[in-house]
>>> print(open('upload10.txt').read())   # compact mmCIF, C-alpha atoms
# COMPACT_ATOMS: atom_id res chain seq x y z
CA MET H 280 63.10 -102.20 15.29
CA HIS H 281 65.71 -104.22 13.39
CA LYS H 282 68.16 -106.09 15.61
CA ARG H 283 71.14 -104.43 13.93
CA ASN H 284 69.73 -100.98 14.73
CA ARG H 285 69.16 -101.97 18.34
CA LEU H 286 72.77 -103.20 18.42
CA PHE H 287 73.95 -99.86 17.05
CA LEU H 288 72.13 -98.06 19.86
CA SER H 289 73.33 -100.47 22.54
CA PHE H 290 76.93 -100.22 21.33
CA ALA H 291 76.60 -96.43 21.28
CA LEU H 292 75.66 -96.46 24.96
CA GLY H 293 78.53 -98.85 25.70
CA TYR H 294 81.00 -96.60 23.88
CA GLY H 295 79.63 -93.61 25.79
CA LEU H 296 80.25 -95.26 29.14
CA LEU H 297 83.69 -96.49 28.03
CA GLY H 298 84.74 -93.10 26.65
CA GLY H 299 83.50 -91.33 29.77
CA ALA H 300 85.31 -93.75 32.09
CA LEU H 301 88.51 -93.28 30.09
CA ALA H 302 88.34 -89.50 30.45
CA ILE H 303 87.56 -89.61 34.16
CA THR H 304 90.48 -91.97 34.77
CA TRP H 305 92.74 -89.63 32.84
CA LEU H 306 91.48 -86.62 34.80
CA LEU H 307 92.20 -88.37 38.10
CA ASP H 308 95.63 -89.66 37.08
CA PRO H 309 97.02 -88.74 33.65
CA THR H 310 99.80 -91.33 33.94
CA LEU H 311 97.54 -94.31 34.53
CA ILE H 312 96.61 -94.94 30.89
CA PRO H 313 99.32 -94.63 28.22
CA GLY H 314 98.91 -92.99 24.84
CA ASP H 315 96.89 -90.05 23.60
CA VAL H 316 93.94 -90.44 25.97
CA PRO H 317 92.11 -87.17 25.20
CA ARG H 318 92.12 -87.99 21.49
CA ALA H 319 90.97 -91.55 22.18
CA HIS H 320 88.19 -90.17 24.42
CA GLY H 321 87.13 -87.70 21.74
CA HIS H 322 86.94 -90.35 19.04
CA ILE H 323 85.10 -92.85 21.24
CA MET H 324 82.51 -90.24 22.14
CA LEU H 325 82.08 -88.84 18.63
CA LEU H 326 82.44 -91.94 16.45
CA GLY H 327 81.27 -94.41 19.07
CA PHE H 328 78.57 -92.69 21.07
CA LEU H 329 77.15 -89.94 18.87
CA LEU H 330 77.64 -91.43 15.42
CA MET H 331 76.42 -94.92 16.29
CA MET H 332 73.40 -93.40 18.01
CA ILE H 333 72.70 -91.55 14.77
CA TYR H 334 73.31 -94.71 12.72
CA GLY H 335 70.81 -96.70 14.78
CA ILE H 336 68.11 -94.04 14.74
CA ALA H 337 68.58 -93.00 11.11
CA LEU H 338 68.55 -96.56 9.76
CA HIS H 339 65.21 -96.98 11.51
CA VAL H 340 63.43 -93.72 10.77
CA LEU H 341 64.75 -92.46 7.42
CA PRO H 342 63.27 -95.33 5.36
CA ARG H 343 59.94 -94.72 7.08
CA PHE H 344 60.07 -90.99 6.54
CA SER H 345 61.01 -91.49 2.89
CA GLY H 346 58.21 -94.00 2.32
CA PHE H 347 60.51 -96.70 0.97
CA PRO H 348 62.27 -99.69 2.58
CA LEU H 349 66.00 -99.40 3.32
CA TYR H 350 67.89 -99.67 0.02
CA SER H 351 70.24 -102.40 1.25
CA GLU H 352 70.21 -104.35 4.50
CA ARG H 353 73.55 -105.89 3.53
CA MET H 354 75.17 -102.49 3.23
CA ALA H 355 73.84 -101.60 6.68
CA ASP H 356 75.16 -104.86 8.11
CA GLY H 357 78.55 -104.18 6.52
CA GLN H 358 78.46 -100.67 7.95
CA PHE H 359 77.87 -102.11 11.42
CA TYR H 360 80.89 -104.42 11.19
CA LEU H 361 83.19 -101.78 9.68
CA ALA H 362 82.24 -99.19 12.30
CA ASN H 363 82.70 -101.57 15.20
CA ILE H 364 86.00 -102.96 13.98
CA GLY H 365 87.36 -99.60 12.84
CA LEU H 366 86.79 -97.67 16.05
CA PRO H 367 88.49 -100.14 18.45
CA VAL H 368 91.42 -100.45 16.04
CA MET H 369 91.72 -96.67 15.83
CA VAL H 370 91.50 -96.25 19.60
CA ALA H 371 94.12 -98.97 20.07
CA GLY H 372 96.30 -96.93 17.74
CA TRP H 373 95.86 -93.74 19.76
CA LEU H 374 96.61 -95.53 23.02
CA THR H 375 99.74 -97.28 21.70
CA TRP H 376 100.99 -94.41 19.49
CA ASN H 377 100.74 -96.80 16.56
CA HIS H 378 99.90 -94.72 13.51
CA VAL H 379 99.36 -97.74 11.28
CA LEU H 380 96.55 -98.89 13.54
CA VAL H 381 95.11 -95.37 13.57
CA LEU H 382 95.21 -95.28 9.78
CA VAL H 383 93.63 -98.72 9.36
CA GLY H 384 90.96 -98.02 11.97
CA GLY H 385 90.22 -94.65 10.43
CA ALA H 386 89.86 -96.17 6.96
CA LEU H 387 87.46 -98.82 8.27
CA SER H 388 85.41 -96.20 10.12
CA TYR H 389 85.32 -94.09 6.98
CA GLY H 390 84.15 -97.14 5.03
CA ALA H 391 81.21 -97.42 7.44
CA MET H 392 80.37 -93.75 6.87
CA VAL H 393 80.43 -94.18 3.09
CA LEU H 394 78.21 -97.26 3.24
CA PHE H 395 75.78 -95.40 5.48
CA GLY H 396 75.79 -92.30 3.29
CA LEU H 397 75.22 -94.21 0.05
CA ASN H 398 72.54 -96.39 1.60
CA MET H 399 70.68 -93.35 2.88
CA VAL H 400 71.01 -91.46 -0.41
CA LEU H 401 69.64 -94.44 -2.32
CA THR H 402 66.82 -94.84 0.19
CA VAL H 403 65.75 -91.23 0.58
CA ARG H 404 66.31 -89.86 -2.96
CA ALA H 405 63.18 -88.65 -4.69
CA ARG H 406 61.69 -91.28 -6.97
CA GLY H 407 58.36 -92.52 -8.19
CA PRO H 408 56.05 -94.98 -6.45
CA LYS H 409 57.23 -98.54 -5.93
CA ALA H 410 56.14 -100.81 -8.80
CA MET P 83 50.96 -105.18 -5.17
CA GLY P 84 48.82 -106.94 -2.65
CA GLY P 85 45.47 -105.65 -3.80
CA ALA P 86 44.03 -109.15 -4.13
CA ARG P 87 44.71 -109.79 -0.47
CA ALA P 88 43.33 -106.48 0.65
CA GLN P 89 40.01 -106.83 2.40
CA ARG P 90 37.37 -104.15 2.07
CA VAL P 91 35.48 -103.39 5.21
CA PRO P 92 32.06 -101.72 5.04
CA ARG P 93 32.39 -98.04 5.71
CA ALA P 94 30.79 -96.63 8.79
CA GLN P 95 27.87 -94.30 8.21
CA ASP P 96 29.41 -91.23 9.73
CA GLY P 97 27.98 -88.85 7.19
CA ARG P 98 30.87 -86.39 7.64
CA ARG P 99 32.21 -84.71 4.59
CA GLY P 100 34.07 -81.58 5.55
CA ALA P 101 36.47 -79.56 3.53
CA SER P 102 39.36 -81.91 4.35
CA VAL P 103 39.44 -85.66 4.63
CA LYS P 104 41.71 -87.22 7.22
CA VAL P 105 43.22 -90.56 6.35
CA ALA P 106 45.17 -92.59 8.91
CA LEU P 107 47.02 -95.85 8.47
CA LEU P 108 47.38 -98.07 11.52
CA VAL P 109 50.62 -100.03 11.35
CA SER P 110 52.84 -102.10 13.60
CA GLN P 111 56.49 -103.02 13.90
CA GLY P 112 57.46 -106.30 12.25
CA CYS P 113 54.82 -105.91 9.58
CA PRO P 114 56.40 -105.70 6.10
CA ALA P 115 53.03 -105.11 4.47
CA CYS P 116 52.62 -101.96 6.56
CA LEU P 117 55.60 -100.32 4.86
CA GLU P 118 54.08 -101.12 1.49
CA ALA P 119 50.71 -99.75 2.45
CA GLU P 120 52.36 -96.62 3.85
CA ALA P 121 54.23 -96.02 0.58
CA VAL P 122 51.04 -96.39 -1.44
CA TRP P 123 48.99 -94.07 0.73
CA ARG P 124 51.72 -91.44 1.00
CA GLN P 125 51.80 -91.37 -2.77
CA VAL P 126 48.04 -90.96 -3.01
CA ALA P 127 48.01 -88.37 -0.21
CA GLU P 128 50.50 -86.27 -2.15
CA GLU P 129 48.47 -86.60 -5.34
CA ARG P 130 45.09 -85.87 -3.79
CA HIS P 131 46.16 -83.43 -1.09
CA PHE P 132 44.53 -84.90 1.96
CA ALA P 133 45.82 -85.15 5.52
CA PHE P 134 47.57 -88.46 6.06
CA ALA P 135 49.02 -89.91 9.25
CA VAL P 136 50.69 -93.16 10.18
CA ILE P 137 49.90 -94.48 13.65
CA ASP P 138 51.66 -97.36 15.37
CA VAL P 139 49.28 -99.72 17.19
CA ALA P 140 51.95 -100.15 19.88
CA GLN P 141 51.50 -96.51 20.86
CA PRO P 142 48.78 -95.31 23.21
CA GLU P 143 46.76 -93.53 20.52
CA GLY P 144 47.14 -96.52 18.18
CA ARG P 145 46.09 -98.96 20.90
CA ALA P 146 43.05 -96.85 21.69
CA LEU P 147 42.01 -96.75 18.03
CA ALA P 148 42.60 -100.48 17.53
CA SER P 149 40.57 -101.23 20.62
CA ARG P 150 37.72 -98.90 19.64
CA LEU P 151 37.51 -100.38 16.16
CA GLY P 152 38.04 -103.99 17.26
CA LEU P 153 40.89 -104.36 14.77
CA VAL P 154 42.16 -107.85 14.02
CA GLY P 155 44.87 -106.95 11.53
CA VAL P 156 47.19 -104.30 10.18
CA PRO P 157 47.74 -102.30 8.07
CA ALA P 158 44.31 -100.82 8.62
CA LEU P 159 43.04 -97.75 6.83
CA LEU P 160 40.87 -95.18 8.55
CA VAL P 161 39.05 -92.37 6.78
CA ASP P 162 37.78 -89.64 9.08
CA GLY P 163 38.14 -92.07 11.96
CA ALA P 164 36.10 -94.86 10.33
CA LEU P 165 37.62 -98.16 9.29
CA GLN P 166 37.86 -98.32 5.53
CA GLY P 167 39.94 -101.41 4.84
CA ILE P 168 42.54 -103.85 6.05
CA GLY P 169 45.57 -104.98 4.07
CA VAL P 170 47.64 -103.47 1.27
CA GLN P 171 45.78 -101.66 -1.47
CA ASN P 172 47.31 -101.15 -4.88
CA LEU P 173 47.64 -97.62 -6.23
CA SER P 174 44.51 -97.71 -8.35
CA THR P 175 42.38 -99.03 -5.49
CA ALA P 176 43.83 -96.43 -3.15
CA ARG P 177 43.08 -93.66 -5.66
CA GLU P 178 39.55 -94.94 -6.09
CA TRP P 179 38.96 -95.01 -2.33
CA ALA P 180 40.47 -91.56 -1.97
CA GLU P 181 38.15 -90.30 -4.70
CA GLN P 182 35.17 -91.81 -2.93
CA ALA P 183 36.23 -90.22 0.31
CA GLY P 184 35.95 -86.85 -1.40
CA SER P 185 39.54 -85.69 -1.11
CA ARG P 186 39.97 -81.96 -0.91
CA ALA P 187 42.73 -79.59 -1.87
CA GLN P 188 43.86 -78.85 1.65
CA GLY P 189 46.13 -80.79 3.93
CA GLN P 190 49.35 -82.69 3.75
CA ALA P 191 51.07 -85.65 5.36
CA ALA P 192 51.35 -84.97 9.06
CA PRO P 193 52.41 -87.33 11.82
CA LEU P 194 50.26 -87.52 14.91
CA ALA P 195 53.09 -87.54 17.40
CA PRO P 196 52.16 -87.41 21.07
CA HIS P 197 53.67 -84.59 23.10
CA PHE P 198 56.84 -84.67 25.17
CA SER P 199 56.60 -85.83 28.76
CA PRO P 200 57.78 -83.14 31.24
CA ASP P 201 61.20 -84.73 31.77
CA ASN P 202 61.92 -84.99 28.05
CA ARG P 203 60.67 -81.45 27.50
CA PHE P 204 63.13 -80.22 30.16
CA PHE P 205 65.97 -82.20 28.57
CA VAL P 206 65.33 -80.58 25.21
CA LEU P 207 64.93 -77.10 26.72
CA ALA P 208 68.17 -77.52 28.67
CA ALA P 209 69.94 -78.64 25.49
CA MET P 210 68.96 -75.41 23.79
CA ALA P 211 70.11 -73.34 26.77
CA TYR P 212 73.49 -75.10 26.76
CA LEU P 213 73.78 -74.58 23.01
CA MET P 214 73.37 -70.82 23.46
CA LEU P 215 75.86 -70.88 26.33
CA ALA P 216 78.41 -72.91 24.36
CA GLY P 217 78.06 -70.60 21.38
CA LEU P 218 79.02 -67.55 23.46
CA GLY P 219 82.62 -68.26 22.48
CA LEU P 220 81.76 -67.31 18.93
CA ALA P 221 80.58 -63.90 20.04
CA LEU P 222 83.37 -63.34 22.56
CA ASN P 223 86.37 -64.83 20.77
CA GLY P 224 85.25 -65.30 17.19
CA THR P 225 85.75 -69.04 17.53
CA LEU P 226 83.89 -71.85 19.16
CA LEU P 227 86.98 -73.51 20.64
CA THR P 228 89.86 -71.42 21.93
CA HIS P 229 93.32 -72.75 22.71
CA GLY P 230 93.19 -71.67 26.34
CA PRO P 231 91.86 -73.37 29.47
CA ALA P 232 88.31 -72.54 28.37
CA ARG P 233 88.62 -74.98 25.46
CA PRO P 234 87.31 -78.05 27.33
CA VAL P 235 84.58 -75.88 28.84
CA ALA P 236 83.17 -74.77 25.47
CA LEU P 237 83.72 -78.23 24.00
CA HIS P 238 81.78 -80.00 26.75
CA LEU P 239 79.03 -77.40 26.93
CA MET P 240 78.45 -78.23 23.28
CA THR P 241 78.89 -82.00 23.41
CA VAL P 242 77.50 -82.85 26.84
CA GLY P 243 75.22 -79.85 27.34
CA PHE P 244 73.72 -79.66 23.88
CA MET P 245 74.24 -83.02 22.15
CA ILE P 246 73.85 -85.46 25.03
CA PHE P 247 70.94 -83.58 26.58
CA LEU P 248 69.24 -83.61 23.19
CA ILE P 249 69.88 -87.36 22.90
CA TYR P 250 68.45 -87.84 26.39
CA GLY P 251 65.25 -85.99 25.55
CA LEU P 252 64.68 -87.24 22.03
CA GLY P 253 65.91 -90.77 22.75
CA ALA P 254 63.59 -91.23 25.71
CA HIS P 255 60.71 -89.87 23.65
CA MET P 256 61.30 -91.82 20.43
CA LEU P 257 62.77 -95.19 21.38
CA PRO P 258 59.69 -96.49 23.24
CA ARG P 259 57.66 -95.49 20.18
CA PHE P 260 60.01 -97.36 17.87
CA THR P 261 60.04 -100.59 19.88
CA GLY P 262 56.68 -100.56 21.66
CA ASN P 263 58.39 -101.15 24.99
CA PRO P 264 57.89 -98.69 27.86
CA MET P 265 60.79 -96.73 29.36
CA ARG P 266 61.53 -96.63 33.07
CA GLN P 267 60.00 -93.42 34.47
CA GLY P 268 59.37 -92.22 38.02
CA VAL P 269 62.43 -90.80 39.73
CA TRP P 270 64.91 -92.12 37.14
CA PRO P 271 64.75 -89.40 34.45
CA TRP P 272 64.98 -86.71 37.12
CA LEU P 273 67.95 -88.45 38.73
CA GLN P 274 69.57 -88.65 35.31
CA MET P 275 68.86 -84.97 34.75
CA GLY P 276 70.20 -83.99 38.17
CA PHE P 277 73.43 -85.92 37.62
CA ALA P 278 73.88 -84.38 34.19
CA HIS P 279 73.28 -80.76 35.27
CA ALA P 280 75.35 -81.05 38.45
CA GLY P 281 78.07 -82.91 36.58
CA LEU P 282 78.32 -80.36 33.79
CA ALA P 283 78.36 -77.49 36.31
CA GLY P 284 81.11 -79.22 38.30
CA TYR P 285 83.11 -79.99 35.18
CA VAL P 286 82.86 -76.45 33.82
CA GLY P 287 83.53 -74.89 37.23
CA GLY P 288 86.46 -77.20 37.81
CA PHE P 289 88.16 -76.17 34.59
CA LEU P 290 87.44 -72.48 34.98
CA LEU P 291 88.72 -72.51 38.60
CA GLN P 292 91.60 -74.88 37.76
CA ALA P 293 90.22 -77.28 40.39
CA HIS P 294 90.85 -80.65 38.79
CA ARG P 295 89.18 -82.65 41.55
CA LEU P 296 85.99 -80.69 40.97
CA ALA P 297 86.26 -81.26 37.23
CA ALA P 298 86.78 -84.97 37.80
CA ALA P 299 83.81 -85.11 40.19
CA GLY P 300 81.73 -83.39 37.51
CA GLY P 301 82.90 -85.97 35.02
CA VAL P 302 81.82 -88.77 37.35
CA LEU P 303 78.35 -87.26 37.70
CA ILE P 304 77.98 -86.88 33.93
CA TRP P 305 79.04 -90.51 33.56
CA LEU P 306 76.43 -91.53 36.16
CA SER P 307 73.73 -89.73 34.19
CA LEU P 308 74.78 -91.71 31.11
CA LEU P 309 74.68 -94.90 33.16
CA VAL P 310 71.11 -94.15 34.30
CA PHE P 311 70.10 -93.41 30.71
CA THR P 312 71.70 -96.66 29.55
CA LEU P 313 69.86 -98.65 32.21
CA ARG P 314 66.60 -97.02 31.13
CA VAL P 315 67.16 -97.55 27.40
CA LEU P 316 68.46 -101.13 27.28
CA PRO P 317 65.17 -102.72 28.43
CA VAL P 318 63.35 -100.60 25.84
CA LEU P 319 65.58 -102.02 23.11
CA TRP P 320 65.78 -105.63 24.25
CA ALA P 321 62.63 -106.45 26.23
CA ARG P 322 60.87 -109.56 25.03
CA ARG P 323 57.79 -108.88 22.97
CA PRO P 324 55.17 -111.21 21.57
CA PRO P 325 56.11 -112.80 18.21
CA PRO P 326 55.78 -110.31 15.39
CA ASP P 327 52.45 -109.64 14.14
CA PRO P 328 50.29 -112.56 13.29
CA ALA P 329 47.78 -109.87 12.38
CA CYS P 330 49.91 -108.47 9.56
CA ARG P 331 47.69 -108.60 6.45
CA GLY P 332 49.51 -108.19 3.20
CA ARG P 333 51.24 -110.12 0.54
CA PHE P 334 54.09 -110.82 2.94
CA GLY P 335 51.64 -111.76 5.66
CA PRO P 336 51.57 -115.16 7.36
>>> encode(input="upload10.txt", output="structure tokens")
Amino acid sequence: MHKRNRLFLSFALGYGLLGGALAITWLLDPTLIPGDVPRAHGHIMLLGFLLMMIYGIALHVLPRFSGFPLYSERMADGQFYLANIGLPVMVAGWLTWNHVLVLVGGALSYGAMVLFGLNMVLTVRARGPKA
Amino acid sequence: MGGARAQRVPRAQDGRRGASVKVALLVSQGCPACLEAEAVWRQVAEERHFAFAVIDVAQPEGRALASRLGLVGVPALLVDGALQGIGVQNLSTAREWAEQAGSRAQGQAAPLAPHFSPDNRFFVLAAMAYLMLAGLGLALNGTLLTHGPARPVALHLMTVGFMIFLIYGLGAHMLPRFTGNPMRQGVWPWLQMGFAHAGLAGYVGGFLLQAHRLAAAGGVLIWLSLLVFTLRVLPVLWARRPPPDPACRGRFGP
């Protein structure tokens, strides 16, 4: 398994633990952490835990299922950086009520999704045998 | 392609020629030639309509086959269980071999995946039960998520009950097969499952009864289940393995 894909999975687990700890802290004392904690929790769990888990697994299995190598390793590397810069920036925005940070983080996270989507489309699309 | 490097191995005299020929490709992680060989044989399998499977030598069934055949390299091609060749064949060679093997009209590409272990089977079954429970809101209210106090209940039955349980079951089944590293078993998956079920029950009960301490305790248990899963998965992802594949035989081979 490619190191980047293993990193995606490891980061997903880290985000899961972080997002869970954030929510538990908020449940025990809602005043302890400032900002929009439920929204931060939701985004960490969905974009951090679930989506990065999917990124790591899909980048590994979809090329194999399609019978072709991944279209672009560089796109996948870029996706990794965008996703892991975008989410912390977005969460920082939610926790500080800073909408500029939320917007920037969201755009970066979206960039990761687009890179992933295009890379998968170009990998999985029906085509003839490799020359 | 790497046809010049492909090495033909004398075919075993098995004498079997049934209605369908079964072709298997033994591959390993870290073997670029294996991906090439897989693409070639998938193409030929689709053209000639024979059963085709890809088997990882890191998996139990792959190890058993490699050991039985005394394999020294991958990708290795098996026809009806007999070793046919090692290395990457080009399309014309693969078609010729398939022709010789007497391909028949039946069959299609089919993975030979081993079955779920009991713990993973229970995780997947529980995920489906939670999905049906979470979806009750659709039948009762016409919406998955209401605006009332039941909102976090439905939301977490779907996300924790369905999605995370599914990740637990599928992740524990697939990741060791992707990396070739074993996953911690014994009491650990059952502890993880116990934490997750008890946690979700506590969380849901806490919200429905407006008992926030109970909900928080449920949250802690769910978090502990995720911690156990993390501690089981990380060694699978990062355990040291032998250097990749000196046995890889192909045009990218050593």
>>> interface_residues(input="upload10.txt", of="chain H", to="chain P", cutoff="6 Å", atoms="only C-alpha atoms", output="VMD selection string")
chain H and resid 280 285 299 303 306 346
>>> closest_residue(input="upload10.txt", among="H:Gly327, H:Phe287, H:His322, H:Met399", to="H:Pro348", atoms="all atoms listed in the file")
H:Met399
>>> closest_residue(input="upload10.txt", among="H:Ala391, H:Val400, H:Val379, H:Ala291", to="H:Ile333", atoms="all atoms listed in the file")
H:Ala291
>>> residues_around(input="upload10.txt", residues="H:Gly372", least_positions_apart="6", cutoff="8 Å", atoms="all atoms listed in the file", output="list in words")
His378, Val379, Leu380, Val381 and Gly384 of chain H
>>> write_last_selection(input="upload10.txt", atoms="C-alpha atoms", output="short mmCIF file (atom, residue, chain, number, x, y, z; two decimals), in the coordinates of the input")
data_model
loop_
_atom_site.label_atom_id
_atom_site.label_comp_id
_atom_site.auth_asym_id
_atom_site.auth_seq_id
_atom_site.Cartn_x
_atom_site.Cartn_y
_atom_site.Cartn_z
CA HIS H 378 99.90 -94.72 13.51
CA VAL H 379 99.36 -97.74 11.28
CA LEU H 380 96.55 -98.89 13.54
CA VAL H 381 95.11 -95.37 13.57
CA GLY H 384 90.96 -98.02 11.97
#
>>> residues_around(input="upload10.txt", residues="stretch 361-366 of chain H", least_positions_apart="2", cutoff="7 Å", atoms="all atoms listed in the file", output="PyMOL selection string")
chain H and resi 357-359+368-370+384-385+387-388+390-391
>>> write_last_selection(input="upload10.txt", atoms="C-alpha atoms", output="PDB file, keeping the file's coordinate frame")
ATOM      1  CA  GLY H 357      78.550-104.180   6.520  1.00  0.00           C
ATOM      2  CA  GLN H 358      78.460-100.670   7.950  1.00  0.00           C
ATOM      3  CA  PHE H 359      77.870-102.110  11.420  1.00  0.00           C
ATOM      4  CA  VAL H 368      91.420-100.450  16.040  1.00  0.00           C
ATOM      5  CA  MET H 369      91.720 -96.670  15.830  1.00  0.00           C
ATOM      6  CA  VAL H 370      91.500 -96.250  19.600  1.00  0.00           C
ATOM      7  CA  GLY H 384      90.960 -98.020  11.970  1.00  0.00           C
ATOM      8  CA  GLY H 385      90.220 -94.650  10.430  1.00  0.00           C
ATOM      9  CA  LEU H 387      87.460 -98.820   8.270  1.00  0.00           C
ATOM     10  CA  SER H 388      85.410 -96.200  10.120  1.00  0.00           C
ATOM     11  CA  GLY H 390      84.150 -97.140   5.030  1.00  0.00           C
ATOM     12  CA  ALA H 391      81.210 -97.420   7.440  1.00  0.00           C
TER      13      ALA H 391
END
